[in-house]
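So this block is protein-v5.pdb, PDB, C-alpha atoms:
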ATOM      1  CA  MET J 282       0.000   0.000   0.000
ATOM      2  CA  ARG J 283       1.383   3.363  -1.035
ATOM      3  CA  ALA J 284       1.104   6.142   1.481
ATOM      4  CA  ARG J 285       2.199   9.718   1.917
ATOM      5  CA  VAL J 286       2.876  11.525   5.170
ATOM      6  CA  LEU J 287       2.871  15.309   5.281
ATOM      7  CA  ILE J 288       4.669  16.838   8.238
ATOM      8  CA  ARG J 289       4.263  20.485   9.157
ATOM      9  CA  PRO J 290       5.553  22.702  11.959
ATOM     10  CA  LYS J 291       2.770  23.086  14.524
ATOM     11  CA  ALA J 292       0.728  26.264  14.304
ATOM     12  CA  GLY J 293       2.177  28.991  16.485
ATOM     13  CA  ILE J 294       5.732  27.664  16.402
ATOM     14  CA  LEU J 295       8.083  30.035  14.651
ATOM     15  CA  ASP J 296       9.002  28.562  11.262
ATOM     16  CA  PRO J 297      12.066  30.484  10.082
ATOM     17  CA  GLN J 298      12.225  28.512   6.807
ATOM     18  CA  GLY J 299       8.675  29.589   6.003
ATOM     19  CA  VAL J 300       9.519  33.185   6.895
ATOM     20  CA  ALA J 301      12.594  33.106   4.640
ATOM     21  CA  VAL J 302      10.587  31.789   1.676
ATOM     22  CA  GLU J 303       7.812  34.290   2.345
ATOM     23  CA  ARG J 304      10.330  37.119   2.219
ATOM     24  CA  ALA J 305      12.040  35.779  -0.901
ATOM     25  CA  LEU J 306       8.906  35.523  -3.072
ATOM     26  CA  PRO J 307       8.062  39.257  -3.276
ATOM     27  CA  ALA J 308      11.652  39.905  -4.332
ATOM     28  CA  LEU J 309      10.881  37.779  -7.410
ATOM     29  CA  GLY J 310       7.715  39.715  -8.153
ATOM     30  CA  PHE J 311       5.241  37.307  -6.488
ATOM     31  CA  ASP J 312       3.142  39.640  -4.385
ATOM     32  CA  GLY J 313       0.362  38.857  -1.902
ATOM     33  CA  VAL J 314       2.042  35.731  -0.465
ATOM     34  CA  GLU J 315       1.297  35.030   3.205
ATOM     35  CA  ASN J 316       1.499  32.253   5.794
ATOM     36  CA  VAL J 317       4.233  30.205   4.117
ATOM     37  CA  HIS J 318       5.285  27.087   6.033
ATOM     38  CA  VAL J 319       7.934  24.567   5.073
ATOM     39  CA  GLY J 320       7.487  20.940   6.098
ATOM     40  CA  ARG J 321       8.503  17.458   4.952
ATOM     41  CA  LEU J 322       6.980  14.894   2.657
ATOM     42  CA  ILE J 323       7.560  11.175   3.227
ATOM     43  CA  GLU J 324       6.285   8.620   0.703
ATOM     44  CA  LEU J 325       6.382   4.955   1.572
ATOM     45  CA  ASP J 326       4.940   1.516   0.874
ATOM     46  CA  VAL J 327       3.522  -0.196   3.954
ATOM     47  CA  ALA J 328       2.037  -3.619   4.597
ATOM     48  CA  GLU J 329      -0.831  -2.285   6.703
ATOM     49  CA  GLU J 330      -2.492   1.081   6.917
ATOM     50  CA  GLY J 331      -2.663   0.733  10.716
ATOM     51  CA  GLN J 332       1.134   0.955  10.921
ATOM     52  CA  LEU J 333       1.186   4.534   9.713
ATOM     53  CA  GLN J 334      -0.052   6.375  12.775
ATOM     54  CA  PRO J 335       2.301   4.658  15.271
ATOM     55  CA  MET J 336       5.148   5.217  12.805
ATOM     56  CA  CYS J 337       4.368   8.926  12.769
ATOM     57  CA  GLU J 338       4.082   9.135  16.546
ATOM     58  CA  LYS J 339       7.259   7.192  17.173
ATOM     59  CA  LEU J 340       9.653   8.268  14.445
ATOM     60  CA  LEU J 341       8.434  10.121  11.363
ATOM     61  CA  ALA J 342       7.194  13.218  13.201
ATOM     62  CA  ASN J 343       7.936  14.808  16.557
ATOM     63  CA  PRO J 344       4.407  15.421  17.859
ATOM     64  CA  LEU J 345       5.717  18.005  20.334
ATOM     65  CA  VAL J 346       6.519  20.404  17.523
ATOM     66  CA  GLU J 347       5.046  18.926  14.334
ATOM     67  CA  ASP J 348       1.611  17.963  12.994
ATOM     68  CA  TYR J 349       1.325  15.091  10.565
ATOM     69  CA  GLU J 350      -1.258  14.135   7.974
ATOM     70  CA  ILE J 351      -1.491  10.616   6.550
ATOM     71  CA  GLN J 352      -2.719  10.106   3.002
ATOM     72  CA  VAL J 353      -3.280   6.547   1.760
ATOM     73  CA  LEU J 354      -2.724   6.536  -1.986
ATOM     74  CA  GLY J 355      -4.024   2.969  -2.522
TER      75      GLY J 355
ATOM     76  CA  MET U  41      34.771   7.388  38.610
ATOM     77  CA  LYS U  42      34.133   6.399  35.010
ATOM     78  CA  PHE U  43      32.433   8.209  32.123
ATOM     79  CA  GLY U  44      30.991   6.370  29.129
ATOM     80  CA  VAL U  45      30.913   8.477  25.951
ATOM     81  CA  LEU U  46      28.564   7.269  23.208
ATOM     82  CA  GLN U  47      29.738   7.160  19.623
ATOM     83  CA  PHE U  48      27.254   7.108  16.728
ATOM     84  CA  PRO U  49      28.037   7.112  13.025
ATOM     85  CA  GLY U  50      28.214  10.868  12.417
ATOM     86  CA  SER U  51      29.310  11.838  15.930
ATOM     87  CA  CYS U  52      32.195  14.283  15.762
ATOM     88  CA  ASP U  53      32.753  15.545  19.306
ATOM     89  CA  GLU U  54      33.081  12.221  21.099
ATOM     90  CA  VAL U  55      36.883  12.375  21.323
ATOM     91  CA  ASP U  56      36.862  15.881  22.801
ATOM     92  CA  ALA U  57      34.238  14.686  25.297
ATOM     93  CA  LEU U  58      36.387  11.652  26.087
ATOM     94  CA  GLU U  59      39.490  13.816  26.656
ATOM     95  CA  ALA U  60      37.550  16.319  28.783
ATOM     96  CA  ALA U  61      36.122  13.474  30.889
ATOM     97  CA  ARG U  62      39.641  12.030  31.288
ATOM     98  CA  MET U  63      40.727  15.310  32.895
ATOM     99  CA  VAL U  64      38.453  14.480  35.844
ATOM    100  CA  GLY U  65      38.152  10.675  35.774
ATOM    101  CA  GLU U  66      38.329   7.578  33.618
ATOM    102  CA  ALA U  67      36.447   7.464  30.322
ATOM    103  CA  GLU U  68      35.660   4.965  27.573
ATOM    104  CA  LEU U  69      33.896   5.206  24.219
ATOM    105  CA  ILE U  70      30.731   3.160  23.781
ATOM    106  CA  TRP U  71      29.809   2.213  20.198
ATOM    107  CA  HIS U  72      26.172   2.821  19.310
ATOM    108  CA  ARG U  73      25.462  -0.866  18.660
ATOM    109  CA  ASP U  74      26.781  -1.873  22.070
ATOM    110  CA  ARG U  75      24.190  -2.328  24.821
ATOM    111  CA  ASP U  76      26.850  -2.693  27.514
ATOM    112  CA  LEU U  77      27.568   0.635  29.234
ATOM    113  CA  GLN U  78      30.812  -0.867  30.612
ATOM    114  CA  GLY U  79      30.012  -0.020  34.205
ATOM    115  CA  ALA U  80      30.082   3.719  33.574
ATOM    116  CA  ASP U  81      28.989   5.979  36.440
ATOM    117  CA  ALA U  82      27.950   8.735  34.039
ATOM    118  CA  ILE U  83      27.118   8.816  30.327
ATOM    119  CA  VAL U  84      27.917  11.591  27.863
ATOM    120  CA  VAL U  85      25.879  11.696  24.643
ATOM    121  CA  PRO U  86      28.185  13.798  22.461
ATOM    122  CA  GLY U  87      27.777  16.326  19.679
ATOM    123  CA  GLY U  88      27.863  15.761  15.960
ATOM    124  CA  PHE U  89      25.428  14.633  13.323
ATOM    125  CA  SER U  90      24.337  11.177  14.450
ATOM    126  CA  TYR U  91      22.996   9.100  11.554
ATOM    127  CA  GLY U  92      23.473  12.168   9.342
ATOM    128  CA  ASP U  93      20.779  14.027  11.313
ATOM    129  CA  TYR U  94      18.374  12.489   8.798
ATOM    130  CA  LEU U  95      14.665  13.063   9.410
ATOM    131  CA  ARG U  96      15.310  15.255  12.486
ATOM    132  CA  ALA U  97      18.441  15.752  14.526
ATOM    133  CA  GLY U  98      18.643  12.895  17.039
ATOM    134  CA  ALA U  99      15.514  11.099  15.807
ATOM    135  CA  ILE U 100      17.251   7.919  14.642
ATOM    136  CA  ALA U 101      20.072   7.799  17.203
ATOM    137  CA  ARG U 102      17.437   7.719  19.907
ATOM    138  CA  PHE U 103      16.551   4.136  18.896
ATOM    139  CA  SER U 104      20.119   2.779  18.854
ATOM    140  CA  PRO U 105      20.923  -0.190  21.137
ATOM    141  CA  ALA U 106      23.282   1.944  23.261
ATOM    142  CA  MET U 107      20.561   4.536  23.765
ATOM    143  CA  GLU U 108      18.122   1.869  24.920
ATOM    144  CA  SER U 109      20.590   1.073  27.697
ATOM    145  CA  VAL U 110      21.092   4.779  28.421
ATOM    146  CA  ILE U 111      17.325   5.307  28.750
ATOM    147  CA  GLU U 112      17.170   2.486  31.298
ATOM    148  CA  PHE U 113      20.283   3.835  33.076
ATOM    149  CA  ALA U 114      18.702   7.309  33.269
ATOM    150  CA  ARG U 115      15.395   5.970  34.588
ATOM    151  CA  GLU U 116      17.317   4.249  37.378
ATOM    152  CA  GLY U 117      18.848   7.594  38.319
ATOM    153  CA  GLY U 118      22.114   7.353  36.340
ATOM    154  CA  LEU U 119      23.838  10.628  35.397
ATOM    155  CA  VAL U 120      23.482  11.503  31.703
ATOM    156  CA  LEU U 121      24.821  14.624  29.973
ATOM    157  CA  GLY U 122      23.743  15.406  26.401
ATOM    158  CA  ILE U 123      25.796  17.956  24.501
ATOM    159  CA  CYS U 124      24.421  19.594  21.336
ATOM    160  CA  ASN U 125      23.376  16.614  19.163
ATOM    161  CA  GLY U 126      23.310  14.640  22.410
ATOM    162  CA  PHE U 127      20.785  17.149  23.810
ATOM    163  CA  GLN U 128      18.671  16.589  20.688
ATOM    164  CA  VAL U 129      18.930  12.807  21.152
ATOM    165  CA  LEU U 130      17.835  13.052  24.813
ATOM    166  CA  CYS U 131      14.832  15.203  23.873
ATOM    167  CA  GLU U 132      13.865  12.742  21.131
ATOM    168  CA  ALA U 133      14.177   9.956  23.722
ATOM    169  CA  HIS U 134      11.812  11.914  26.023
ATOM    170  CA  LEU U 135      14.433  11.901  28.765
ATOM    171  CA  LEU U 136      14.279  15.705  28.617
ATOM    172  CA  PRO U 137      11.340  18.035  28.016
ATOM    173  CA  GLY U 138      10.901  20.038  24.823
ATOM    174  CA  ALA U 139      12.576  19.875  21.429
ATOM    175  CA  LEU U 140      15.322  21.585  19.434
ATOM    176  CA  LEU U 141      14.355  23.443  16.237
ATOM    177  CA  PRO U 142      16.347  25.203  13.500
ATOM    178  CA  ASN U 143      18.127  28.362  14.636
ATOM    179  CA  VAL U 144      16.052  31.464  14.122
ATOM    180  CA  ASN U 145      18.842  32.833  11.892
ATOM    181  CA  LEU U 146      18.695  29.619   9.754
ATOM    182  CA  ARG U 147      22.479  29.421   9.849
ATOM    183  CA  PHE U 148      25.033  27.090  11.258
ATOM    184  CA  THR U 149      26.596  29.394  13.817
ATOM    185  CA  SER U 150      29.878  28.834  15.644
ATOM    186  CA  ARG U 151      30.786  31.303  18.372
ATOM    187  CA  GLN U 152      31.708  31.678  22.003
ATOM    188  CA  VAL U 153      28.670  32.259  24.234
ATOM    189  CA  ARG U 154      28.367  33.504  27.792
ATOM    190  CA  LEU U 155      25.984  31.528  29.971
ATOM    191  CA  ASP U 156      24.288  32.340  33.267
ATOM    192  CA  VAL U 157      24.246  29.447  35.714
ATOM    193  CA  VAL U 158      20.604  29.629  36.781
ATOM    194  CA  ALA U 159      20.655  26.479  38.908
ATOM    195  CA  PRO U 160      24.055  26.319  40.646
ATOM    196  CA  ASP U 161      23.399  23.303  42.864
ATOM    197  CA  THR U 162      22.684  20.563  40.294
ATOM    198  CA  ALA U 163      24.677  17.417  39.490
ATOM    199  CA  PHE U 164      26.011  19.285  36.439
ATOM    200  CA  THR U 165      26.805  22.716  37.889
ATOM    201  CA  SER U 166      27.814  22.318  41.541
ATOM    202  CA  ALA U 167      31.507  22.912  40.714
ATOM    203  CA  CYS U 168      30.838  26.100  38.720
ATOM    204  CA  PRO U 169      32.334  29.151  40.451
ATOM    205  CA  PRO U 170      29.428  30.866  42.287
ATOM    206  CA  GLY U 171      28.078  34.008  40.659
ATOM    207  CA  ARG U 172      30.256  33.717  37.568
ATOM    208  CA  GLN U 173      29.157  33.281  33.963
ATOM    209  CA  LEU U 174      30.538  30.439  31.867
ATOM    210  CA  SER U 175      32.172  31.186  28.522
ATOM    211  CA  ILE U 176      31.795  28.170  26.243
ATOM    212  CA  PRO U 177      31.721  27.655  22.445
ATOM    213  CA  ALA U 178      28.437  26.845  20.700
ATOM    214  CA  LYS U 179      28.251  25.486  17.132
ATOM    215  CA  HIS U 180      25.001  24.270  15.695
ATOM    216  CA  SER U 181      22.193  24.931  13.261
ATOM    217  CA  TRP U 182      19.374  23.202  15.218
ATOM    218  CA  GLY U 183      19.688  24.739  18.665
ATOM    219  CA  ARG U 184      16.485  26.655  19.245
ATOM    220  CA  PHE U 185      15.019  25.133  22.393
ATOM    221  CA  HIS U 186      11.239  24.955  22.305
ATOM    222  CA  ALA U 187       8.671  23.794  24.830
ATOM    223  CA  ASP U 188       4.927  24.505  24.900
ATOM    224  CA  ALA U 189       3.649  27.086  27.393
ATOM    225  CA  GLU U 190       2.542  24.516  29.950
ATOM    226  CA  THR U 191       5.851  22.616  29.872
ATOM    227  CA  LEU U 192       7.793  25.850  30.027
ATOM    228  CA  GLU U 193       5.918  26.994  33.114
ATOM    229  CA  ARG U 194       6.549  23.633  34.776
ATOM    230  CA  ILE U 195      10.282  23.462  34.045
ATOM    231  CA  GLU U 196      10.781  27.068  35.142
ATOM    232  CA  ARG U 197       8.831  26.455  38.355
ATOM    233  CA  ASP U 198      10.589  23.183  39.155
ATOM    234  CA  GLY U 199      14.088  24.546  38.627
ATOM    235  CA  GLN U 200      14.818  22.459  35.522
ATOM    236  CA  VAL U 201      16.277  25.410  33.634
ATOM    237  CA  VAL U 202      19.970  25.028  34.462
ATOM    238  CA  LEU U 203      21.763  27.446  32.102
ATOM    239  CA  ARG U 204      20.550  30.470  30.176
ATOM    240  CA  TYR U 205      22.229  32.430  27.406
ATOM    241  CA  ALA U 206      23.426  35.689  28.952
ATOM    242  CA  GLN U 207      21.890  38.907  27.724
ATOM    243  CA  GLY U 208      22.506  39.331  23.982
ATOM    244  CA  GLU U 209      23.883  35.806  23.526
ATOM    245  CA  ASN U 210      20.749  33.898  22.482
ATOM    246  CA  PHE U 211      21.599  33.706  18.776
ATOM    247  CA  ASN U 212      19.463  30.641  18.085
ATOM    248  CA  GLY U 213      16.181  32.052  19.426
ATOM    249  CA  SER U 214      15.650  29.597  22.288
ATOM    250  CA  VAL U 215      12.517  30.235  24.328
ATOM    251  CA  GLY U 216      13.316  31.901  27.669
ATOM    252  CA  ASP U 217      17.007  32.106  26.620
ATOM    253  CA  ILE U 218      17.271  28.478  27.750
ATOM    254  CA  ALA U 219      20.643  26.865  27.007
ATOM    255  CA  ALA U 220      20.385  23.804  29.285
ATOM    256  CA  VAL U 221      17.528  21.858  30.878
ATOM    257  CA  SER U 222      17.418  18.919  33.240
ATOM    258  CA  ASN U 223      14.812  16.234  33.821
ATOM    259  CA  GLU U 224      12.508  16.313  36.846
ATOM    260  CA  THR U 225      14.842  14.211  38.955
ATOM    261  CA  GLY U 226      17.937  16.217  38.024
ATOM    262  CA  ASN U 227      20.079  13.282  36.832
ATOM    263  CA  VAL U 228      19.820  14.085  33.111
ATOM    264  CA  MET U 229      20.854  17.387  31.538
ATOM    265  CA  GLY U 230      21.172  18.590  27.959
ATOM    266  CA  LEU U 231      22.838  21.745  26.674
ATOM    267  CA  MET U 232      23.572  23.138  23.234
ATOM    268  CA  PRO U 233      26.967  24.810  23.962
ATOM    269  CA  HIS U 234      30.011  22.540  24.183
ATOM    270  CA  PRO U 235      31.718  22.314  27.597
ATOM    271  CA  GLU U 236      34.081  19.634  26.216
ATOM    272  CA  HIS U 237      35.572  22.226  23.847
ATOM    273  CA  ALA U 238      36.312  24.650  26.720
ATOM    274  CA  VAL U 239      38.771  22.687  28.834
ATOM    275  CA  GLN U 240      42.023  24.245  27.604
ATOM    276  CA  GLU U 241      42.792  27.956  27.216
ATOM    277  CA  LEU U 242      44.557  27.412  23.894
ATOM    278  CA  THR U 243      41.530  26.139  21.999
ATOM    279  CA  GLY U 244      38.487  26.706  24.180
ATOM    280  CA  GLY U 245      38.643  30.414  24.961
ATOM    281  CA  SER U 246      38.309  29.375  28.609
ATOM    282  CA  THR U 247      38.414  26.310  30.811
ATOM    283  CA  ASP U 248      34.868  26.885  32.073
ATOM    284  CA  GLY U 249      33.610  23.677  30.484
ATOM    285  CA  LEU U 250      35.709  21.637  32.852
ATOM    286  CA  SER U 251      33.476  22.673  35.772
ATOM    287  CA  ILE U 252      30.571  20.759  34.176
ATOM    288  CA  PHE U 253      32.662  17.558  34.128
ATOM    289  CA  GLN U 254      33.948  18.218  37.646
ATOM    290  CA  SER U 255      30.360  18.649  38.847
ATOM    291  CA  ILE U 256      29.430  15.265  37.363
ATOM    292  CA  ARG U 257      32.377  13.676  39.123
ATOM    293  CA  LEU U 258      31.269  15.156  42.460
ATOM    294  CA  ALA U 259      27.706  13.947  41.879
ATOM    295  CA  ALA U 260      28.891  10.440  40.960
ATOM    296  CA  GLU U 261      31.040  10.313  44.082
ATOM    297  CA  ARG U 262      28.074  11.372  46.222
ATOM    298  CA  VAL U 263      26.055   8.500  44.700
ATOM    299  CA  ALA U 264      28.896   6.045  45.406
ATOM    300  CA  ALA U 265      29.388   7.247  49.003
TER     301      ALA U 265
END

Just give me the structure of the file as structure tokens.
Amino acid sequence: MRARVLIRPKAGILDPQGVAVERALPALGFDGVENVHVGRLIELDVAEEGQLQPMCEKLLANPLVEDYEIQVLG
Amino acid sequence: MKFGVLQFPGSCDEVDALEAARMVGEAELIWHRDRDLQGADAIVVPGGFSYGDYLRAGAIARFSPAMESVIEFAREGGLVLGICNGFQVLCEAHLLPGALLPNVNLRFTSRQVRLDVVAPDTAFTSACPPGRQLSIPAKHSWGRFHADAETLERIERDGQVVLRYAQGENFNGSVGDIAAVSNETGNVMGLMPHPEHAVQELTGGSTDGLSIFQSIRLAAERVAA
């Protein structure tokens, strides 16, 4: 089973990468850009869908500072 | 008194930690695949880029066989010091509260920092000269200590904040200027600056780092007595 995990900095935690990208875009002429956040994307094949959440909790994300979203691609 | 210094693939400060520890006691390296802590009285989890810092700094090292033994050792009250990457590993292992995030300046930064000893009577600071700041090098890109508001209130209240960056020195953006935290029972501490690099005037800018190792020795001797 193919799956995708999206990992984002938790809301309210300063995301300096997002801030840097947000500041860079207007310099290239892209105006009106706000709320940029930079996270990680992990794609993987798993035997069982039920493995994904414990994997995220234990290793793939740090739930203290990151939110994760699991997408099962089928 | 014997220190055990962990060594992961990607560690780079384990030899400095070993040499610093040998200035106050015996010390041996412990390979990451080894579960045997060789009878060490205190463990140092050193700096570097364990397992390439892949995923998140410290995330993979935390599950190494040696760390499993260190987690058990810490839960039984054993003294554990995490330096830089070692601090990140101890947070990932939930032996310490909070997490380390990328520096607010998004740069790898290497500089001497002055630190206030906020808690002078811990197992890691009792030998620090009273009322004096420490001057120790810091070098990292993921050193911004973060804890949620509730955790922060608790660690401040319970005296778990051990060192703070002195005024103007908090280059990484750590919450509350926190440079070092301990666990609730005070036997585990992590810090981002490198005491093992400040044990000789020639290279360290000071010998202030030695007082951290001397404190651990005193604490280990108290346990043994």

Interatomic distance between CA of Gly98 (chain U) and CA of Gln128 (chain U)?
5.2 Å

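Applied to the file shown here, the ChimeraX specification (/U :<10) & /J selects the residues Pro290, Gly293, Ile294, Leu295, Asp296, Pro297, Gln298, Val300, Ala301, Arg321, Ile323, Lys339, Leu340, Leu341, Ala342, Asn343, Pro344, Leu345 and Val346 of chain J.
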
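Take CA of His234 (chain U) and CA of Glu347 (chain J): the distance between them is 27.1 Å.
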
With the file shown as input, list the residues that the PyMOL selection byres ((chain J and resi 349) around 6) selects, as an NGL selection string.
:J and (287-288 or 348 or 350)

Between U:Leu136, U:Glu236, U:Leu130, U:Ile111, smallest distance to Val55 (chain U) by all atoms listed in the file belongs to U:Glu236

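Shell of Cys168 (chain U) at 9 Å, with all atoms listed in the file counted and residues fewer than 2 places along the chain excluded, is Val157, Pro160, Asp161, Phe164, Thr165, Ser166, Pro170, Gly171, Arg172, Gln173, Leu174, Asp248, Leu250, Ser251, Ile252, Gln254 and Ser255 of chain U.
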
So which residues touch Gly230 (chain U) within 12 Å, counting all atoms listed in the file, skipping near sequence neighbours fewer than 3 positions away, as a ChimeraX atom specification?
/U:83-87,119-140,164,183,185,200-203,218-223,226-227,233-235,252

Go ahead and write the selection's residues with C-alpha atoms as a tab-separated table (two decimals), keeping the file's coordinate frame.
chain	number	residue	atom	x	y	z
U	83	ILE	CA	27.12	8.82	30.33
U	84	VAL	CA	27.92	11.59	27.86
U	85	VAL	CA	25.88	11.70	24.64
U	86	PRO	CA	28.18	13.80	22.46
U	87	GLY	CA	27.78	16.33	19.68
U	119	LEU	CA	23.84	10.63	35.40
U	120	VAL	CA	23.48	11.50	31.70
U	121	LEU	CA	24.82	14.62	29.97
U	122	GLY	CA	23.74	15.41	26.40
U	123	ILE	CA	25.80	17.96	24.50
U	124	CYS	CA	24.42	19.59	21.34
U	125	ASN	CA	23.38	16.61	19.16
U	126	GLY	CA	23.31	14.64	22.41
U	127	PHE	CA	20.78	17.15	23.81
U	128	GLN	CA	18.67	16.59	20.69
U	129	VAL	CA	18.93	12.81	21.15
U	130	LEU	CA	17.84	13.05	24.81
U	131	CYS	CA	14.83	15.20	23.87
U	132	GLU	CA	13.86	12.74	21.13
U	133	ALA	CA	14.18	9.96	23.72
U	134	HIS	CA	11.81	11.91	26.02
U	135	LEU	CA	14.43	11.90	28.76
U	136	LEU	CA	14.28	15.70	28.62
U	137	PRO	CA	11.34	18.04	28.02
U	138	GLY	CA	10.90	20.04	24.82
U	139	ALA	CA	12.58	19.88	21.43
U	140	LEU	CA	15.32	21.58	19.43
U	164	PHE	CA	26.01	19.28	36.44
U	183	GLY	CA	19.69	24.74	18.66
U	185	PHE	CA	15.02	25.13	22.39
U	200	GLN	CA	14.82	22.46	35.52
U	201	VAL	CA	16.28	25.41	33.63
U	202	VAL	CA	19.97	25.03	34.46
U	203	LEU	CA	21.76	27.45	32.10
U	218	ILE	CA	17.27	28.48	27.75
U	219	ALA	CA	20.64	26.86	27.01
U	220	ALA	CA	20.39	23.80	29.28
U	221	VAL	CA	17.53	21.86	30.88
U	222	SER	CA	17.42	18.92	33.24
U	223	ASN	CA	14.81	16.23	33.82
U	226	GLY	CA	17.94	16.22	38.02
U	227	ASN	CA	20.08	13.28	36.83
U	233	PRO	CA	26.97	24.81	23.96
U	234	HIS	CA	30.01	22.54	24.18
U	235	PRO	CA	31.72	22.31	27.60
U	252	ILE	CA	30.57	20.76	34.18

Once the PyMOL selection byres ((chain J and resi 333) around 12) has been applied to the shown file, what residues remain in the selection, as a PDB file with C-alpha atoms, in the coordinates of the input?
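Output file result_13.pdb is given in full below:
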ATOM      1  CA  MET J 282       0.000   0.000   0.000  1.00  0.00           C
ATOM      2  CA  ARG J 283       1.383   3.363  -1.035  1.00  0.00           C
ATOM      3  CA  ALA J 284       1.104   6.142   1.481  1.00  0.00           C
ATOM      4  CA  ARG J 285       2.199   9.718   1.917  1.00  0.00           C
ATOM      5  CA  VAL J 286       2.876  11.525   5.170  1.00  0.00           C
ATOM      6  CA  LEU J 287       2.871  15.309   5.281  1.00  0.00           C
ATOM      7  CA  ILE J 323       7.560  11.175   3.227  1.00  0.00           C
ATOM      8  CA  GLU J 324       6.285   8.620   0.703  1.00  0.00           C
ATOM      9  CA  LEU J 325       6.382   4.955   1.572  1.00  0.00           C
ATOM     10  CA  ASP J 326       4.940   1.516   0.874  1.00  0.00           C
ATOM     11  CA  VAL J 327       3.522  -0.196   3.954  1.00  0.00           C
ATOM     12  CA  ALA J 328       2.037  -3.619   4.597  1.00  0.00           C
ATOM     13  CA  GLU J 329      -0.831  -2.285   6.703  1.00  0.00           C
ATOM     14  CA  GLU J 330      -2.492   1.081   6.917  1.00  0.00           C
ATOM     15  CA  GLY J 331      -2.663   0.733  10.716  1.00  0.00           C
ATOM     16  CA  GLN J 332       1.134   0.955  10.921  1.00  0.00           C
ATOM     17  CA  GLN J 334      -0.052   6.375  12.775  1.00  0.00           C
ATOM     18  CA  PRO J 335       2.301   4.658  15.271  1.00  0.00           C
ATOM     19  CA  MET J 336       5.148   5.217  12.805  1.00  0.00           C
ATOM     20  CA  CYS J 337       4.368   8.926  12.769  1.00  0.00           C
ATOM     21  CA  GLU J 338       4.082   9.135  16.546  1.00  0.00           C
ATOM     22  CA  LYS J 339       7.259   7.192  17.173  1.00  0.00           C
ATOM     23  CA  LEU J 340       9.653   8.268  14.445  1.00  0.00           C
ATOM     24  CA  LEU J 341       8.434  10.121  11.363  1.00  0.00           C
ATOM     25  CA  ALA J 342       7.194  13.218  13.201  1.00  0.00           C
ATOM     26  CA  TYR J 349       1.325  15.091  10.565  1.00  0.00           C
ATOM     27  CA  GLU J 350      -1.258  14.135   7.974  1.00  0.00           C
ATOM     28  CA  ILE J 351      -1.491  10.616   6.550  1.00  0.00           C
ATOM     29  CA  GLN J 352      -2.719  10.106   3.002  1.00  0.00           C
ATOM     30  CA  VAL J 353      -3.280   6.547   1.760  1.00  0.00           C
TER      31      VAL J 353
END

Point-to-point distance in Å for CA of Glu66 (chain U) and CA of Ala114 (chain U)
19.6 Å

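Between Gly216 (chain U) and the residues U:Leu46, U:Gly249, U:Ile176, U:Val158, the shortest atom-to-atom distance, using all atoms listed in the file, involves U:Val158.
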
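Restricting the calculation to all atoms listed in the file, the smallest distance between Gly65 (chain U) and any of U:Ala167, U:Ala178, U:Leu258, U:Ala101 is found for U:Leu258.
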
Residue nearest Glu224 (chain U) among U:Gly199, U:Glu54, U:Ser90, U:Gly118 (counting all atoms listed in the file):
U:Gly199
